[in-house]
Amino acid sequence: MFRRPIIQVVRQFGRHFSEGGTGLVLERSLNHVQLLGRVGQDPVLRQSDGKNPVTIFSLATNEMWRSGESETSQPSDVSQRTTWHRISVFRPGLRDLAYQYVKKGARIFVEGKIDYGEYTDKNNVRRQATTIIAENIIFLSDVVKEKE
């Protein structure tokens, strides 16, 4: 039985050679984010110049750790840090569902990709922005109310 070295198998799945004969190597990569948290604000629907509508909301995730050295530490020895994420939903069906059903305080799971961008604020200062582009949202809260 013929066995290829593992490195050849990895190269086969990790790279794709272009067919134009240019010798250009296109490597596959991964940009995938999974977040589980609570919605911090009701979503807003934004649209600029009648193009690219997007639903935007914030999501809080918490990180907890024990600050005491013993395994029998008291609850007061637990520290917590909250991180806020800006979630943008562009996919038409998902965008509309998010706008209609996501509400402040809801517990949701978001899958997507991270996007780094820049914008100019109203004072003409260039700022950086990190956004999660949602590709899937799973509602985990028991009560989901439609907006009126």
# chains A, B, ... in the order shown; residues from 1 in each chain; ligands from 1
$ residues_around --residues "Ser88 of chain A" --least-positions-apart "6" --cutoff "7 Å" --atoms "only C-alpha atoms" --output "list in words"
Val54, Thr55, Ile56, Phe57, Thr131, Ile132, Ile133 and Ala134 of chain A
$ residues_around --residues "Glu111 of chain A" --least-positions-apart "6" --cutoff "10 Å" --atoms "only C-alpha atoms" --output "number ranges by chain"
A: 32-36, 132-138
$ residues_around --residues "Ala106 of chain A" --least-positions-apart "5" --cutoff "8 Å" --atoms "only C-alpha atoms" --output "list in words"
Arg38, Val39, Phe139, Leu140, Ser141 and Val144 of chain A
$ write_last_selection --atoms "N, CA, C and O atoms" --output "mmCIF file, in the first residue's frame"
data_model
loop_
_atom_site.group_PDB
_atom_site.id
_atom_site.type_symbol
_atom_site.label_atom_id
_atom_site.label_comp_id
_atom_site.auth_asym_id
_atom_site.auth_seq_id
_atom_site.Cartn_x
_atom_site.Cartn_y
_atom_site.Cartn_z
ATOM 1 N N ARG A 38 -24.862 37.896 26.297
ATOM 2 C CA ARG A 38 -26.144 38.596 26.415
ATOM 3 C C ARG A 38 -26.112 39.879 25.597
ATOM 4 O O ARG A 38 -25.106 40.584 25.563
ATOM 5 N N VAL A 39 -27.249 40.160 24.971
ATOM 6 C CA VAL A 39 -27.383 41.352 24.135
ATOM 7 C C VAL A 39 -27.410 42.581 25.036
ATOM 8 O O VAL A 39 -28.137 42.634 26.027
ATOM 9 N N PHE A 139 -30.821 31.583 19.175
ATOM 10 C CA PHE A 139 -31.492 32.208 20.312
ATOM 11 C C PHE A 139 -31.558 31.200 21.458
ATOM 12 O O PHE A 139 -32.072 30.098 21.288
ATOM 13 N N LEU A 140 -31.065 31.593 22.618
ATOM 14 C CA LEU A 140 -31.027 30.679 23.765
ATOM 15 C C LEU A 140 -31.993 31.087 24.874
ATOM 16 O O LEU A 140 -32.254 30.296 25.765
ATOM 17 N N SER A 141 -32.503 32.292 24.850
ATOM 18 C CA SER A 141 -33.436 32.744 25.882
ATOM 19 C C SER A 141 -34.793 32.084 25.673
ATOM 20 O O SER A 141 -35.194 31.786 24.545
ATOM 21 N N VAL A 144 -38.835 35.109 23.622
ATOM 22 C CA VAL A 144 -38.442 35.927 22.491
ATOM 23 C C VAL A 144 -39.670 36.701 22.064
ATOM 24 O O VAL A 144 -40.682 36.122 21.685
#
